[in-house]
>>> print(open('entry.csv').read())   # CSV, C-alpha atoms
chain,number,residue,atom,x,y,z
D,1,MET,CA,-34.1,-29.6,15.5
D,2,PHE,CA,-32.7,-26.1,16.0
D,3,VAL,CA,-30.0,-26.0,18.6
D,4,LEU,CA,-29.1,-22.7,20.2
D,5,PRO,CA,-25.4,-22.2,19.8
D,6,THR,CA,-23.4,-21.9,23.0
D,7,VAL,CA,-21.1,-18.9,23.1
D,8,GLY,CA,-19.5,-16.8,25.8
D,9,LEU,CA,-21.1,-13.7,27.1
D,10,GLY,CA,-18.4,-11.6,25.4
D,11,VAL,CA,-19.3,-13.0,22.0
D,12,ILE,CA,-23.0,-12.4,22.6
D,13,ALA,CA,-22.2,-8.8,23.5
D,14,THR,CA,-20.2,-8.5,20.3
D,15,LEU,CA,-23.0,-9.9,18.2
D,16,LEU,CA,-25.5,-7.6,19.8
D,17,ASP,CA,-23.5,-4.5,19.7
D,18,SER,CA,-20.3,-4.2,17.6
D,19,SER,CA,-19.7,-0.6,18.6
D,20,PHE,CA,-16.9,0.3,21.0
D,21,THR,CA,-17.6,2.7,23.8
D,22,ILE,CA,-15.1,4.0,26.3
D,23,GLU,CA,-17.1,3.8,29.5
D,24,ASP,CA,-14.5,5.4,31.8
D,25,THR,CA,-14.2,9.1,31.5
D,26,ASP,CA,-12.6,11.4,34.0
D,27,THR,CA,-10.2,14.4,34.2
D,28,GLU,CA,-6.6,13.8,33.3
D,29,SER,CA,-5.4,14.2,36.9
D,30,ASN,CA,-7.9,11.7,38.2
D,31,ILE,CA,-7.1,9.2,35.4
D,32,LEU,CA,-3.3,9.4,36.0
D,33,SER,CA,-3.7,9.0,39.7
D,34,THR,CA,-5.1,5.6,39.3
D,35,THR,CA,-3.3,2.3,38.7
D,36,PRO,CA,-5.9,-0.1,37.2
D,37,THR,CA,-5.6,-3.9,37.4
D,38,ASN,CA,-5.7,-5.0,33.8
D,39,PRO,CA,-7.4,-8.3,33.0
D,40,THR,CA,-5.0,-10.8,31.5
D,41,GLY,CA,-4.2,-9.9,27.9
D,42,GLU,CA,-5.9,-6.5,28.0
D,43,VAL,CA,-5.1,-2.9,28.8
D,44,THR,CA,-7.3,-0.2,30.3
D,45,ILE,CA,-8.5,2.7,28.1
D,46,LYS,CA,-10.0,6.0,29.4
D,47,PHE,CA,-11.1,9.3,27.9
D,48,GLY,CA,-10.0,12.6,29.4
D,49,THR,CA,-12.9,15.0,29.9
D,50,ASP,CA,-10.8,18.1,30.3
D,51,THR,CA,-8.2,17.3,27.6
D,52,ASN,CA,-10.2,15.2,25.1
D,53,ASP,CA,-7.1,12.9,25.0
D,54,LEU,CA,-7.1,9.1,25.3
D,55,TYR,CA,-5.2,7.3,28.0
D,56,ILE,CA,-4.1,3.7,28.0
D,57,TYR,CA,-2.6,1.9,31.0
D,58,ASP,CA,-0.5,-1.0,30.0
D,59,GLY,CA,0.4,-2.2,33.5
D,60,SER,CA,3.5,-0.1,33.8
D,61,GLY,CA,2.3,3.4,33.0
D,62,TRP,CA,-0.2,5.6,31.2
D,63,TYR,CA,0.3,6.4,27.5
D,64,ILE,CA,-1.4,9.5,26.1
D,65,PHE,CA,-2.9,9.8,22.7
D,66,ASN,CA,-3.6,13.5,22.0
D,67,ASN,CA,-6.7,14.8,20.5
D,68,ASN,CA,-5.8,16.3,17.2
D,69,SER,CA,-9.2,17.9,16.3
T,1,MET,CA,-13.8,-0.6,33.2
T,2,SER,CA,-13.1,-0.3,29.5
T,3,THR,CA,-10.4,-2.4,28.2
T,4,ILE,CA,-9.0,-3.5,24.8
T,5,GLN,CA,-7.0,-6.5,23.9
T,6,ALA,CA,-3.2,-6.3,24.1
T,7,TYR,CA,-0.9,-8.0,21.6
T,8,THR,CA,2.7,-7.8,20.5
T,9,ASP,CA,3.8,-7.4,16.9
T,10,ALA,CA,4.3,-11.2,16.9
T,11,THR,CA,1.1,-12.3,18.6
T,12,ARG,CA,-1.5,-10.1,17.1
T,13,PRO,CA,-3.8,-11.8,14.7
T,14,ALA,CA,-3.7,-11.2,11.0
T,15,ALA,CA,-5.7,-8.3,9.8
T,16,THR,CA,-8.4,-9.9,7.7
T,17,ALA,CA,-11.8,-9.1,6.2
T,18,SER,CA,-13.4,-10.8,9.2
T,19,ASN,CA,-12.0,-8.4,11.7
T,20,VAL,CA,-12.3,-5.0,10.1
T,21,GLY,CA,-12.3,-2.4,12.8
T,22,LEU,CA,-10.8,-4.6,15.4
T,23,THR,CA,-9.0,-2.3,17.8
T,24,ILE,CA,-6.1,-3.6,19.9
T,25,PHE,CA,-3.2,-2.1,21.9
T,26,ASN,CA,0.2,-3.1,20.5
T,27,THR,CA,2.6,-3.5,23.5
T,28,THR,CA,5.6,-3.6,21.2
T,29,ASP,CA,5.4,0.0,20.2
T,30,LYS,CA,2.7,1.1,22.6
T,31,ALA,CA,0.4,2.0,19.8
T,32,ILE,CA,-3.3,1.6,19.0
T,33,ASN,CA,-3.7,-0.8,16.0
T,34,VAL,CA,-6.9,-1.0,14.0
T,35,SER,CA,-7.5,-3.6,11.4
T,36,ASP,CA,-8.6,-2.2,8.0
T,37,GLY,CA,-9.3,-5.7,6.7
T,38,THR,CA,-5.9,-6.2,5.0
T,39,ALA,CA,-3.4,-4.5,7.3
T,40,TRP,CA,-3.0,-3.0,10.7
T,41,ARG,CA,-3.2,0.7,10.9
T,42,GLU,CA,-1.1,2.2,13.7
T,43,TYR,CA,-1.9,5.2,15.9
T,44,ASN,CA,1.2,6.1,17.9
T,45,ASN,CA,1.0,7.5,21.4
T,46,ASP,CA,2.1,11.1,22.1
T,47,GLY,CA,4.2,10.2,25.1
T,48,ALA,CA,3.9,8.5,28.4
T,49,ALA,CA,2.6,10.2,31.5
T,50,VAL,CA,5.9,11.4,32.9
T,51,SER,CA,5.9,13.4,36.1
T,52,PRO,CA,7.1,17.0,35.7
T,53,ILE,CA,10.2,18.2,37.4
T,54,SER,CA,10.1,21.1,39.9
T,55,ASN,CA,10.5,24.3,37.9
T,56,SER,CA,10.6,27.6,39.8
T,57,TYR,CA,12.3,30.0,37.4
T,58,ASN,CA,12.8,30.8,33.8
T,59,LEU,CA,14.9,33.4,32.0
T,60,SER,CA,13.2,36.6,30.8
T,61,PHE,CA,14.7,38.6,27.9
T,62,ASP,CA,13.6,42.2,27.6
T,63,GLY,CA,15.3,42.8,24.2
T,64,ASN,CA,17.9,45.0,25.7
T,65,LEU,CA,21.2,43.2,24.8
T,66,ASP,CA,20.3,40.2,26.9
T,67,ILE,CA,22.5,37.1,26.1
T,68,VAL,CA,23.4,33.8,27.8
T,69,ASN,CA,26.9,32.4,27.1
T,70,LEU,CA,27.0,28.6,27.5
T,71,GLY,CA,30.7,28.5,26.9
T,72,VAL,CA,32.7,26.4,24.5
T,73,LEU,CA,30.9,23.1,23.9
T,74,ASN,CA,33.2,21.6,21.4
T,75,SER,CA,34.4,18.6,23.4
T,76,LEU,CA,30.8,17.7,24.2
T,77,LEU,CA,29.3,18.0,20.7
T,78,ASP,CA,29.5,15.1,18.3
T,79,ASP,CA,31.4,15.6,15.1
T,80,TYR,CA,28.3,15.2,12.9
T,81,THR,CA,25.2,14.4,14.9
T,82,ASN,CA,23.6,16.5,17.7
T,83,SER,CA,20.2,17.6,19.0
T,84,VAL,CA,19.0,20.7,20.8
T,85,SER,CA,15.9,21.4,22.8
T,86,VAL,CA,14.7,24.9,23.8
T,87,TRP,CA,11.5,26.0,25.5
T,88,PHE,CA,10.5,29.5,24.6
T,89,LYS,CA,7.7,32.0,24.9
T,90,LEU,CA,7.5,35.1,22.7
T,91,ASP,CA,6.5,38.5,24.1
T,92,SER,CA,4.8,39.3,20.8
T,93,ALA,CA,2.9,37.1,18.4
T,94,THR,CA,3.4,39.6,15.5
T,95,ASP,CA,7.0,40.8,16.0
T,96,THR,CA,8.9,40.2,12.8
T,97,ASP,CA,12.4,40.6,14.3
T,98,PRO,CA,14.6,37.5,14.0
T,99,TYR,CA,15.4,35.8,17.3
T,100,HIS,CA,18.5,33.7,18.1
T,101,LEU,CA,17.4,30.8,20.3
T,102,PHE,CA,20.5,28.7,20.4
T,103,GLY,CA,23.7,28.7,18.4
T,104,LEU,CA,27.1,30.1,17.9
T,105,ASP,CA,28.6,33.2,19.5
T,106,ASN,CA,29.9,34.8,16.4
T,107,ALA,CA,29.1,38.0,14.6
T,108,SER,CA,28.6,36.8,11.1
T,109,ALA,CA,26.8,33.5,11.6
T,110,SER,CA,29.7,31.9,9.8
T,111,THR,CA,32.1,29.1,10.8
T,112,ARG,CA,31.1,25.7,12.1
T,113,GLY,CA,28.2,24.8,14.3
T,114,ILE,CA,24.5,24.8,14.5
T,115,ARG,CA,21.9,27.5,15.1
T,116,VAL,CA,18.2,27.6,15.8
T,117,LEU,CA,16.4,30.8,14.9
T,118,LYS,CA,12.9,32.1,15.1
T,119,PHE,CA,12.5,34.5,12.2
T,120,TYR,CA,10.1,36.1,9.8
T,121,ASP,CA,10.8,35.3,6.2
T,122,THR,CA,9.9,38.5,4.3
T,123,GLY,CA,10.4,36.7,1.0
T,124,ALA,CA,7.8,34.1,1.8
T,125,LEU,CA,5.9,36.2,4.3
T,126,LYS,CA,6.0,33.5,6.9
T,127,HIS,CA,6.9,33.3,10.6
T,128,GLY,CA,9.2,30.3,11.0
T,129,LEU,CA,11.9,28.4,12.7
T,130,GLU,CA,15.2,28.0,11.0
T,131,PHE,CA,17.8,25.3,11.7
T,132,SER,CA,21.2,25.6,10.2
T,133,VAL,CA,24.5,23.8,10.2
T,134,TYR,CA,27.5,25.8,9.3
T,135,ASP,CA,30.7,24.3,8.2
T,136,ASP,CA,33.7,26.5,7.5
T,137,ASP,CA,37.4,25.8,8.1
T,138,SER,CA,38.6,28.7,6.0
T,139,GLY,CA,37.2,31.7,7.9
T,140,ALA,CA,34.6,32.6,5.3
T,141,SER,CA,30.9,32.3,5.9
T,142,TYR,CA,29.7,28.9,4.9
T,143,LEU,CA,26.2,27.7,5.4
T,144,TYR,CA,26.4,23.9,4.9
T,145,GLU,CA,22.7,22.9,5.2
T,146,GLN,CA,19.5,24.5,6.4
T,147,ILE,CA,15.8,24.0,6.7
T,148,ARG,CA,13.0,26.5,7.3
T,149,CYS,CA,9.6,25.6,8.7
T,150,GLU,CA,6.5,27.7,9.2
T,151,ILE,CA,4.9,28.2,12.6
T,152,THR,CA,2.0,30.3,13.7
T,153,PRO,CA,3.4,32.4,16.5
T,154,ASP,CA,1.6,33.2,19.7
T,155,THR,CA,2.6,34.2,23.3
T,156,ALA,CA,2.3,30.7,24.8
T,157,TRP,CA,5.2,28.4,25.8
T,158,HIS,CA,6.5,26.2,23.0
T,159,ASN,CA,9.2,23.6,22.7
T,160,VAL,CA,11.5,23.3,19.7
T,161,VAL,CA,13.8,20.3,19.2
T,162,ALA,CA,16.3,20.5,16.3
T,163,THR,CA,18.2,17.4,15.3
T,164,HIS,CA,20.8,16.8,12.7
T,165,TYR,CA,22.6,13.8,11.3
T,166,ILE,CA,25.4,14.4,8.8
T,167,ASP,CA,26.9,11.6,6.8
T,168,PRO,CA,30.4,12.8,5.9
T,169,SER,CA,30.7,10.3,3.1
T,170,ASN,CA,27.3,10.8,1.5
T,171,ALA,CA,25.3,14.0,2.0
T,172,ALA,CA,22.2,12.3,0.5
T,173,ASN,CA,21.9,10.5,3.9
T,174,ASN,CA,21.9,13.8,5.8
T,175,ARG,CA,18.9,14.6,8.0
T,176,LEU,CA,17.9,18.0,9.5
T,177,LYS,CA,14.7,18.0,11.4
T,178,LEU,CA,12.7,20.5,13.5
T,179,TYR,CA,10.1,19.4,16.0
T,180,TYR,CA,7.6,22.0,17.4
T,181,ASP,CA,5.7,20.9,20.4
T,182,GLY,CA,6.6,17.3,19.8
T,183,GLN,CA,5.5,17.2,16.1
T,184,GLU,CA,8.0,17.2,13.2
T,185,LEU,CA,7.6,20.2,11.0
T,186,THR,CA,7.6,19.9,7.2
T,187,PRO,CA,10.2,22.4,5.8
T,188,TYR,CA,8.9,24.9,3.2
T,189,ASP,CA,12.4,25.7,2.3
T,190,GLU,CA,15.6,23.6,2.3
T,191,GLN,CA,19.1,24.5,1.4
T,192,ALA,CA,20.8,21.3,0.2
T,193,ALA,CA,24.1,20.2,1.7
T,194,GLY,CA,27.2,21.8,0.2
T,195,THR,CA,30.7,20.4,0.4
T,196,LEU,CA,31.6,19.4,3.9
T,197,ASN,CA,34.9,21.0,4.6
T,198,ALA,CA,35.3,20.1,8.2
T,199,LEU,CA,33.5,18.7,11.2
T,200,ALA,CA,30.0,20.1,11.8
T,201,LYS,CA,31.0,21.6,15.1
T,202,PRO,CA,33.0,24.7,16.1
T,203,SER,CA,36.5,24.3,17.3
T,204,SER,CA,36.6,27.1,19.8
T,205,LEU,CA,33.5,29.3,19.8
T,206,ASN,CA,31.1,29.8,22.5
T,207,TYR,CA,27.4,28.8,22.2
T,208,THR,CA,24.8,31.3,23.2
T,209,VAL,CA,21.1,31.5,24.0
T,210,GLY,CA,18.9,34.5,23.3
T,211,ALA,CA,21.3,36.4,21.1
T,212,ARG,CA,24.5,35.9,19.2
T,213,ASN,CA,27.8,37.7,19.7
T,214,THR,CA,28.6,38.4,23.4
T,215,THR,CA,30.5,41.5,22.6
T,216,SER,CA,27.8,43.1,20.5
T,217,PRO,CA,24.6,41.1,20.9
T,218,ALA,CA,22.4,40.7,17.8
T,219,LEU,CA,19.3,38.8,16.9
T,220,ILE,CA,18.1,39.6,20.4
T,221,PHE,CA,15.3,37.5,21.8
T,222,GLU,CA,12.3,39.1,23.5
T,223,GLY,CA,10.3,36.8,25.7
T,224,ASP,CA,11.1,33.9,28.0
T,225,ILE,CA,13.4,30.9,27.6
T,226,ASP,CA,13.8,27.8,29.8
T,227,GLU,CA,15.2,24.3,29.9
T,228,VAL,CA,17.9,24.5,27.2
T,229,ALA,CA,19.5,21.1,26.5
T,230,PHE,CA,21.6,19.3,23.9
T,231,TRP,CA,22.5,15.7,23.1
T,232,ASP,CA,25.4,14.3,21.0
T,233,VAL,CA,22.9,12.1,19.2
T,234,GLU,CA,20.0,12.5,16.8
T,235,LEU,CA,16.8,12.3,18.9
T,236,ASP,CA,14.1,10.4,17.2
T,237,ALA,CA,10.4,11.5,16.9
T,238,ALA,CA,9.4,9.5,20.0
T,239,ASN,CA,12.0,11.3,22.1
T,240,ALA,CA,11.1,14.7,20.7
T,241,ASP,CA,7.4,14.0,21.4
T,242,GLN,CA,8.0,12.8,24.9
T,243,ILE,CA,10.1,15.9,25.7
T,244,TYR,CA,7.1,18.0,25.0
T,245,ASN,CA,4.5,15.7,26.5
T,246,SER,CA,5.2,15.5,30.1
T,247,LEU,CA,2.3,15.8,32.5
T,248,GLY,CA,1.0,19.3,32.7
T,249,GLY,CA,2.8,20.3,29.5
T,250,GLY,CA,6.0,21.3,31.3
T,251,PRO,CA,9.5,19.9,31.4
T,252,PHE,CA,10.6,16.7,33.1
T,253,ASP,CA,13.9,15.3,34.4
T,254,LEU,CA,16.0,14.8,31.2
T,255,SER,CA,18.7,13.1,33.2
T,256,SER,CA,16.5,10.0,33.6
T,257,ASN,CA,14.8,7.9,31.0
T,258,ALA,CA,11.1,8.0,31.2
T,259,GLY,CA,8.3,7.0,28.9
T,260,ASN,CA,9.5,7.3,25.3
T,261,TYR,CA,12.5,9.3,26.3
T,262,ASN,CA,15.6,7.0,26.4
T,263,GLN,CA,18.5,9.4,25.7
T,264,SER,CA,19.4,10.5,29.2
T,265,THR,CA,22.9,9.0,28.9
T,266,ASN,CA,23.6,11.2,25.8
T,267,LEU,CA,22.5,14.4,27.4
T,268,LYS,CA,25.6,16.6,27.3
T,269,GLY,CA,24.3,20.0,28.4
T,270,TRP,CA,21.1,21.0,30.3
T,271,TRP,CA,20.5,24.5,31.6
T,272,ARG,CA,17.4,24.8,33.7
T,273,PHE,CA,17.9,28.5,34.7
T,274,GLU,CA,16.6,27.8,38.2
T,275,ASN,CA,17.9,31.1,39.5
T,276,ASN,CA,21.4,30.1,38.3
T,277,GLY,CA,23.3,29.2,35.2
T,278,ASN,CA,24.2,25.6,36.3
T,279,ASP,CA,24.7,22.9,33.8
T,280,GLU,CA,22.7,20.0,35.3
T,281,THR,CA,24.5,17.3,33.5
T,282,GLY,CA,27.6,17.6,35.6
T,283,ASN,CA,29.7,18.6,32.6
T,284,SER,CA,30.3,21.9,34.3
T,285,SER,CA,29.3,24.1,31.3
T,286,THR,CA,28.0,26.8,33.6
T,287,ALA,CA,26.2,29.5,31.7
T,288,THR,CA,27.0,33.2,32.1
T,289,VAL,CA,23.8,35.2,32.1
T,290,SER,CA,24.0,38.8,31.0
T,291,GLY,CA,21.0,41.1,31.2
T,292,ALA,CA,18.4,38.4,31.2
T,293,SER,CA,16.4,38.1,34.5
T,294,TYR,CA,15.4,35.0,36.4
T,295,VAL,CA,11.6,35.3,36.9
T,296,SER,CA,9.0,33.1,38.6
T,297,ASN,CA,8.4,30.3,36.3
T,298,SER,CA,5.4,30.4,33.9
T,299,LEU,CA,6.2,27.3,32.0
>>> encode(input="entry.csv", output="structure tokens")
Amino acid sequence: MFVLPTVGLGVIATLLDSSFTIEDTDTESNILSTTPTNPTGEVTIKFGTDTNDLYIYDGSGWYIFNNNS
Amino acid sequence: MSTIQAYTDATRPAATASNVGLTIFNTTDKAINVSDGTAWREYNNDGAAVSPISNSYNLSFDGNLDIVNLGVLNSLLDDYTNSVSVWFKLDSATDTDPYHLFGLDNASASTRGIRVLKFYDTGALKHGLEFSVYDDDSGASYLYEQIRCEITPDTAWHNVVATHYIDPSNAANNRLKLYYDGQELTPYDEQAAGTLNALAKPSSLNYTVGARNTTSPALIFEGDIDEVAFWDVELDAANADQIYNSLGGGPFDLSSNAGNYNQSTNLKGWWRFENNGNDETGNSSTATVSGASYVSNSL
């Protein structure tokens, strides 16, 4: 008898779509004016639409990863 | 909200064939890590979002004998290891005249000390930045060690950080580095260390900005300069990157640690040129500004 494996929603999402998309995009000033609440063990990542830089909030501050292209 | 998992160096899983492409944030060094199947590839941040400091003025040099005398800095400089930061903006992207940004107040560029120069290397046909350490206790000109790095000049504001570490017992350990807008430049020309005759700092000479030789200025800068600072330590790449990468691309408060900048206690001179020549470190090295004008800030 086939038994459907029981997995968490996150795992199903991973199985269905292994790509990684940054859903939060905004201008740098708008991004840096926010203080997200990070889920435990995770950090927030956003994309700057006016700078093309990446922004990661680690719970204490925003770290910037410059676009080099 | 988009999130990625966070780990430390110690807690991140092993990079294996089963997690190729796994992307995490490494909280130990604040870097993005990506598994290539056998190892973690690291992508360093370019600085934390540090709030800029109020900046109303900068100094404008019109090329007519303008010079800033910072005074004798001997007691504030380290014997062998120092760093300098200068923000500058050229009037011309094509001018091939050599410009003195920071360095000794002497006529011949000899004796001990450090110098940062924007120049055009006619031999190599390159615009560049030059960082030199001079060591001479005999009175003769003596260039101890030097690097030259190519830049593409324009008329925008740029930051240069020059750092040197000199090992008096083994020159093979010496390090001279130039960072331009937070990124370390690769020298196209290096003069290897000679014999170290004395300390790599001057005994009694003034340091100047914008030109050398207060009695007869030479290597006269044309453009704008702001936020000149030096430390008696060798700044690392993370510090140099942070100095350039404050919010809005301007300067921030160097007297307080912020983001990747952690050398505020080693800041020994900081001239903001906010309509005065004050040294903001409290070391009382007030600059004497001759000719150059305080103008509304464009940095």
>>> closest_residue(input="entry.csv", among="D:Gly59, D:Glu42, D:Thr21, D:Ser29", to="chain T", atoms="only C-alpha atoms")
D:Glu42
>>> residues_near_point(input="entry.csv", point="(25.8, 18.9, 14.2)", cutoff="6 Å", atoms="all atoms listed in the file", output="short mmCIF file (atom, residue, chain, number, x, y, z; two decimals) with C-alpha atoms, in the coordinates of the input")
data_model
loop_
_atom_site.label_atom_id
_atom_site.label_comp_id
_atom_site.auth_asym_id
_atom_site.auth_seq_id
_atom_site.Cartn_x
_atom_site.Cartn_y
_atom_site.Cartn_z
CA TYR T 80 28.30 15.20 12.90
CA THR T 81 25.20 14.40 14.90
CA ASN T 82 23.60 16.50 17.70
CA HIS T 164 20.80 16.80 12.70
CA ALA T 200 30.00 20.10 11.80
CA LYS T 201 31.00 21.60 15.10
#
>>> residues_around(input="entry.csv", residues="segment 245-260 of chain T", least_positions_apart="3", cutoff="10 Å", atoms="all atoms listed in the file", output="VMD selection string")
(chain D and resid 28 to 29 32 60 to 64 66) or (chain T and resid 29 to 30 45 to 55 87 157 to 159 181 to 182 226 to 227 229 236 to 242 263 to 268 270 272 280 to 281 298 to 299)
>>> interface_residues(input="entry.csv", of="chain D", to="chain T", cutoff="10 Å", atoms="all atoms listed in the file", output="count of residues only")
37
>>> atom_distance(input="entry.csv", atom1="atom CA of Asn276 of chain T", atom2="atom CA of Gly210 of chain T")
15.8 Å
